file target-v7.txt (compact mmCIF, C-alpha atoms)
# COMPACT_ATOMS: atom_id res chain seq x y z
CA MET S 660 126.33 22.77 86.53
CA MET S 661 126.68 20.26 89.42
CA ARG S 662 130.48 20.41 89.14
CA THR S 663 130.46 24.24 89.33
CA TRP S 664 128.23 24.19 92.41
CA HIS S 665 130.47 21.63 94.06
CA ILE S 666 133.63 23.69 93.40
CA THR S 667 131.97 26.84 94.75
CA THR S 668 130.86 25.03 97.89
CA VAL S 669 134.34 23.64 98.51
CA ALA S 670 135.94 27.07 98.01
CA ALA S 671 133.48 28.71 100.41
CA GLY S 672 134.10 26.00 102.98
CA ALA S 673 137.85 26.47 102.70
CA ALA S 674 137.53 30.21 103.17
CA LEU S 675 135.31 29.72 106.25
CA PHE S 676 137.79 27.22 107.70
CA ALA S 677 140.69 29.66 107.19
CA PHE S 678 138.70 32.46 108.83
CA LEU S 679 137.84 30.35 111.87
CA ALA S 680 141.39 29.04 112.15
CA ALA S 681 142.70 32.60 112.29
CA GLY S 682 140.78 33.08 115.54
CA PRO S 683 139.19 36.18 117.18
CA GLY S 684 141.95 38.47 115.94
CA ALA S 685 140.77 38.10 112.37
CA ALA S 686 137.23 38.99 113.35
CA ALA S 687 138.46 42.05 115.23
CA THR S 688 140.57 43.09 112.24
CA ALA S 689 137.61 42.65 109.95
CA ARG S 690 135.45 44.79 112.20
CA ASP S 691 138.12 47.50 112.34
CA THR S 692 138.30 47.71 108.57
CA VAL S 693 134.56 48.25 108.20
CA PRO S 694 133.86 51.96 108.75
CA GLU S 695 130.97 52.97 110.97
CA LEU S 696 128.53 55.40 109.45
CA ARG S 697 127.07 58.50 111.02
CA ALA S 698 123.59 59.71 110.20
CA GLY S 699 123.68 60.84 106.60
CA GLY S 700 126.09 58.10 105.55
CA GLU S 701 129.33 59.88 106.57
CA PRO S 702 132.09 57.70 108.06
CA ALA S 703 132.34 57.96 111.85
CA ALA S 704 135.69 58.70 113.50
CA SER S 705 137.70 55.56 114.13
CA THR S 706 138.47 54.35 117.63
CA THR S 707 142.07 55.48 117.15
CA GLU S 708 140.97 58.96 116.08
CA GLN S 709 138.58 59.22 119.04
CA ALA S 710 141.36 58.19 121.43
CA ARG S 711 143.68 60.77 119.86
CA GLU S 712 141.04 63.50 120.27
CA LYS S 713 140.55 62.59 123.93
CA LEU S 714 144.32 62.67 124.50
CA SER S 715 144.61 66.07 122.82
CA SER S 716 141.79 67.40 125.00
CA ALA S 717 143.48 66.04 128.14
CA GLU S 718 146.79 67.60 127.08
CA ARG S 719 145.09 70.97 126.58
CA ASP S 720 143.53 70.75 130.04
CA GLN S 721 146.90 69.85 131.52
CA GLU S 722 148.54 72.82 129.80
CA VAL S 723 145.95 75.12 131.37
CA THR S 724 146.45 73.75 134.89
CA GLU S 725 150.25 73.84 134.65
CA VAL S 726 150.57 77.61 134.18
CA ASP S 727 153.23 78.88 136.59
CA ILE S 728 152.45 82.22 138.20
CA ALA S 729 156.04 83.29 137.45
CA ASP S 730 155.13 83.13 133.75
CA PHE S 731 153.20 86.38 134.18
CA GLY S 732 156.50 88.20 134.70
CA GLY S 733 157.32 90.42 131.73
CA LEU S 734 153.77 90.55 130.37
CA SER S 735 152.49 94.02 129.55
CA GLY S 736 149.53 95.88 128.14
CA ALA S 737 147.93 99.31 128.16
CA ASP S 738 144.58 101.02 128.38
CA GLU S 739 143.83 104.62 127.43
CA VAL S 740 145.44 105.96 130.61
CA PHE S 741 148.13 103.59 131.91
CA GLU S 742 150.70 101.22 130.52
CA ILE S 743 151.08 98.16 132.76
CA ARG S 744 154.03 95.78 132.97
CA VAL S 745 154.33 92.83 135.37
CA ASN S 746 157.77 92.97 136.99
CA GLU S 747 157.24 89.67 138.79
CA ALA S 748 154.44 87.45 140.06
CA TYR S 749 154.67 84.95 142.90
CA ILE S 750 152.89 83.22 145.78
CA ASP S 751 153.87 84.84 149.08
CA ASP S 752 155.70 82.27 151.23
CA ASP S 753 154.28 83.09 154.66
CA GLY S 754 150.88 84.51 153.71
CA THR S 755 151.75 87.97 155.04
CA VAL S 756 152.59 91.00 152.92
CA THR S 757 154.38 94.02 154.35
CA ASP S 758 155.90 97.32 153.33
CA GLY S 759 158.95 96.60 155.48
CA LEU S 760 158.14 99.55 157.72
CA GLY S 761 155.66 97.95 160.10
CA SER S 762 152.53 97.80 157.97
CA SER S 763 151.36 94.28 157.11
CA GLU S 764 148.34 92.20 156.15
CA THR S 765 147.84 88.44 156.51
CA ALA S 766 145.86 86.33 154.06
CA PRO S 767 142.53 84.91 155.29
CA GLU S 768 142.78 81.48 156.91
CA GLY S 769 143.26 78.73 154.36
CA MET S 770 144.29 81.15 151.61
CA ASP S 771 147.55 82.25 149.98
CA TYR S 772 148.47 85.65 148.61
CA ALA S 773 149.24 85.80 144.89
CA VAL S 774 151.29 88.95 144.39
CA PHE S 775 151.72 90.79 141.09
CA ASN S 776 154.34 93.50 141.33
CA ILE S 777 153.58 95.85 138.45
CA GLN S 778 155.08 98.94 136.85
CA ILE S 779 152.45 101.51 135.89
CA THR S 780 153.11 104.49 133.63
CA ASN S 781 150.72 107.33 132.89
CA VAL S 782 150.58 107.40 129.08
CA SER S 783 147.75 109.93 128.86
CA ASP S 784 148.03 113.69 128.34
CA ALA S 785 146.74 114.63 131.78
CA PRO S 786 147.33 113.82 135.45
CA ALA S 787 145.66 110.55 136.46
CA ALA S 788 145.37 108.29 139.49
CA TRP S 789 145.69 104.53 139.55
CA ASP S 790 142.69 103.34 141.56
CA GLY S 791 143.32 99.59 141.37
CA MET S 792 139.90 98.80 142.83
CA ASP S 793 138.51 96.20 140.44
CA HIS S 794 141.23 93.74 139.48
CA LEU S 795 140.17 90.17 138.78
CA ALA S 796 142.15 86.93 138.62
CA THR S 797 140.94 83.69 137.02
CA GLY S 798 142.14 80.29 138.19
CA ALA S 799 142.49 77.04 136.27
CA SER S 800 139.50 75.86 138.31
CA GLY S 801 137.36 78.44 136.51
CA LYS S 802 136.84 80.46 139.70
CA THR S 803 137.56 84.19 139.80
CA TYR S 804 139.10 86.23 142.61
CA ALA S 805 138.89 89.95 143.38
CA ASN S 806 141.97 91.81 144.55
CA ASP S 807 142.61 92.39 148.24
CA ILE S 808 142.78 96.17 148.56
CA GLU S 809 143.84 96.13 152.22
CA ALA S 810 146.78 93.87 151.38
CA GLU S 811 147.79 96.19 148.53
CA PHE S 812 147.81 99.22 150.85
CA ALA S 813 149.76 97.27 153.49
CA ALA S 814 152.41 96.31 150.93
CA ALA S 815 152.66 99.78 149.37
CA ASP S 816 155.86 101.67 150.05
CA ASP S 817 156.48 104.20 147.25
CA TYR S 818 153.03 104.63 145.76
CA PHE S 819 149.54 104.30 147.20
CA PRO S 820 146.57 103.67 144.89
CA GLY S 821 144.61 106.86 144.36
CA GLU S 822 147.61 109.19 144.23
CA THR S 823 147.84 111.37 141.13
CA LEU S 824 150.57 110.71 138.57
CA ASN S 825 151.56 113.26 135.95
CA PRO S 826 151.90 112.25 132.27
CA GLY S 827 154.99 110.09 131.81
CA ALA S 828 155.34 109.31 135.52
CA SER S 829 156.08 105.65 136.29
CA VAL S 830 155.89 103.85 139.65
CA GLU S 831 155.70 100.36 141.14
CA THR S 832 152.62 99.02 142.86
CA ASP S 833 151.03 95.65 143.58
CA ALA S 834 147.91 93.74 142.63
CA ILE S 835 147.29 91.10 145.31
CA PHE S 836 144.78 88.25 145.32
CA ALA S 837 143.86 85.81 148.10
CA ILE S 838 143.53 82.37 146.48
CA PRO S 839 143.23 78.78 147.76
CA PRO S 840 146.48 76.78 148.05
CA GLY S 841 147.14 74.86 144.86
CA GLU S 842 145.06 77.14 142.66
CA ASN S 843 146.87 78.13 139.45
CA LEU S 844 146.05 81.55 138.05
CA VAL S 845 145.75 81.57 134.27
CA GLU S 846 144.62 85.17 133.66
CA VAL S 847 144.45 88.55 135.37
CA GLU S 848 142.42 91.63 134.52
CA LEU S 849 144.00 94.83 135.78
CA ARG S 850 141.73 97.88 135.80
CA SER S 851 143.53 101.19 136.29
CA THR S 852 140.51 103.34 137.06
CA PHE S 853 136.72 103.31 137.04
CA GLY S 854 135.13 103.40 133.60
CA VAL S 855 138.23 102.17 131.78
CA ALA S 856 138.33 98.69 130.25
CA PRO S 857 140.73 96.35 132.07
CA VAL S 858 144.02 95.14 130.65
CA THR S 859 143.88 91.34 130.38
CA LEU S 860 147.13 89.41 130.74
CA ALA S 861 147.65 85.66 130.32
CA PRO S 862 150.86 83.63 129.79
call {"tool": "encode", "arguments": {"input": "target-v7.txt", "output": "structure tokens"}}
result
Amino acid sequence: MMRTWHITTVAAGAALFAFLAAGPGAAATARDTVPELRAGGEPAASTTEQAREKLSSAERDQEVTEVDIADFGGLSGADEVFEIRVNEAYIDDDGTVTDGLGSSETAPEGMDYAVFNIQITNVSDAPAAWDGMDHLATGASGKTYANDIEAEFAAADDYFPGETLNPGASVETDAIFAIPPGENLVEVELRSTFGVAPVTLAP
């Protein structure tokens, strides 16, 4: 019995010596291999998994903020009255929109104009007018912006909001928003007329 106890003690001492000789790295490794437990006894996510989740979340946020306004070009949708297609979308360079014939409108101080040139087509069975009064743009910041009606009228050349279009008629018009410099728009809601649900477009 004494011999067995002595052998066990020596073996335990040797194991302890090897553990200590391996240094802090061994202790860290040992800790990493022991799973944490959540309430209820379920294993908690490892540090690596948590880091990966945080990275994925950061990447998703970055994807949202990196939407280019030009990416709206080509997007389309329709409500019960009008089909809408974005011909192009851009930030106006000088902050002033014009019809080229003398009519113009300048963005409020400290703001840029985000311009959506759109093709609208009356797909209903009766004459209808595009009002364009309640458009809404959402930025990556989470803020929303109403359209600038005065700017839209100033930029209009072929079609003015409110004019009647017969079934099948198609014209170009603009949806214009005054937004802070550096804001990235991630979604627009284009409402053709009062009482009709908006068409939501997002790249």
call {"tool": "atom_distance", "arguments": {"input": "target-v7.txt", "atom1": "atom CA of S:Asn825", "atom2": "atom CA of S:Val756"}}
result
28.0 Å
call {"tool": "closest_residue", "arguments": {"input": "target-v7.txt", "among": "S:Ala773, S:Val740, S:Val847, S:Leu824", "to": "S:Asp753", "atoms": "all atoms listed in the file"}}
result
S:Ala773
call {"tool": "closest_residue", "arguments": {"input": "target-v7.txt", "among": "S:Ala814, S:Val855, S:Ala837, S:Leu860", "to": "S:Leu760", "atoms": "all atoms listed in the file"}}
result
S:Ala814
call {"tool": "atom_distance", "arguments": {"input": "target-v7.txt", "atom1": "atom CA of S:Gly798", "atom2": "atom CA of S:Glu811"}}
result
19.8 Å
call {"tool": "closest_atom_pairs", "arguments": {"input": "target-v7.txt", "of": "stretch 766-855 of chain S", "to": "stretch 722-736 of chain S", "cutoff": "8 Å", "atoms": "all atoms listed in the file", "output": "JSON lines"}}
result
{"residue": "S:Ala799", "atom": "CA", "partner": "S:Thr724", "partner_atom": "CA", "distance": 5.3}
{"residue": "S:Asn843", "atom": "CA", "partner": "S:Thr724", "partner_atom": "CA", "distance": 6.3}
{"residue": "S:Leu844", "atom": "CA", "partner": "S:Ile728", "partner_atom": "CA", "distance": 6.4}
{"residue": "S:Val845", "atom": "CA", "partner": "S:Val726", "partner_atom": "CA", "distance": 6.2}
call {"tool": "write_last_selection", "arguments": {"input": "target-v7.txt", "atoms": "C-alpha atoms", "output": "mmCIF file, in the frame of the given file"}}
result
data_model
loop_
_atom_site.group_PDB
_atom_site.id
_atom_site.type_symbol
_atom_site.label_atom_id
_atom_site.label_comp_id
_atom_site.auth_asym_id
_atom_site.auth_seq_id
_atom_site.Cartn_x
_atom_site.Cartn_y
_atom_site.Cartn_z
ATOM 1 C CA ALA S 799 142.490 77.040 136.270
ATOM 2 C CA ASN S 843 146.870 78.130 139.450
ATOM 3 C CA LEU S 844 146.050 81.550 138.050
ATOM 4 C CA VAL S 845 145.750 81.570 134.270
#
call {"tool": "closest_residue", "arguments": {"input": "target-v7.txt", "among": "S:Leu795, S:Asp758, S:Tyr772, S:Val745", "to": "S:Phe819", "atoms": "all atoms listed in the file"}}
result
S:Asp758
call {"tool": "atom_distance", "arguments": {"input": "target-v7.txt", "atom1": "atom CA of S:Thr859", "atom2": "atom CA of S:Ala737"}}
result
9.2 Å
call {"tool": "closest_residue", "arguments": {"input": "target-v7.txt", "among": "S:Leu849, S:Ile835, S:Ala861, S:Val774", "to": "S:Asp790", "atoms": "only C-alpha atoms"}}
result
S:Leu849
call {"tool": "residues_around", "arguments": {"input": "target-v7.txt", "residues": "S:Glu739", "least_positions_apart": "4", "cutoff": "12 Å", "atoms": "all atoms listed in the file", "output": "VMD selection string"}}
result
chain S and resid 743 780 to 785 787 850 to 852 854 to 858
call {"tool": "closest_residue", "arguments": {"input": "target-v7.txt", "among": "S:Phe836, S:Ile779, S:Asp793, S:Val830", "to": "S:Asp807", "atoms": "all atoms listed in the file"}}
result
S:Phe836
call {"tool": "closest_residue", "arguments": {"input": "target-v7.txt", "among": "S:Glu846, S:Thr755, S:Gln778, S:Gly821", "to": "S:His794", "atoms": "only C-alpha atoms"}}
result
S:Glu846
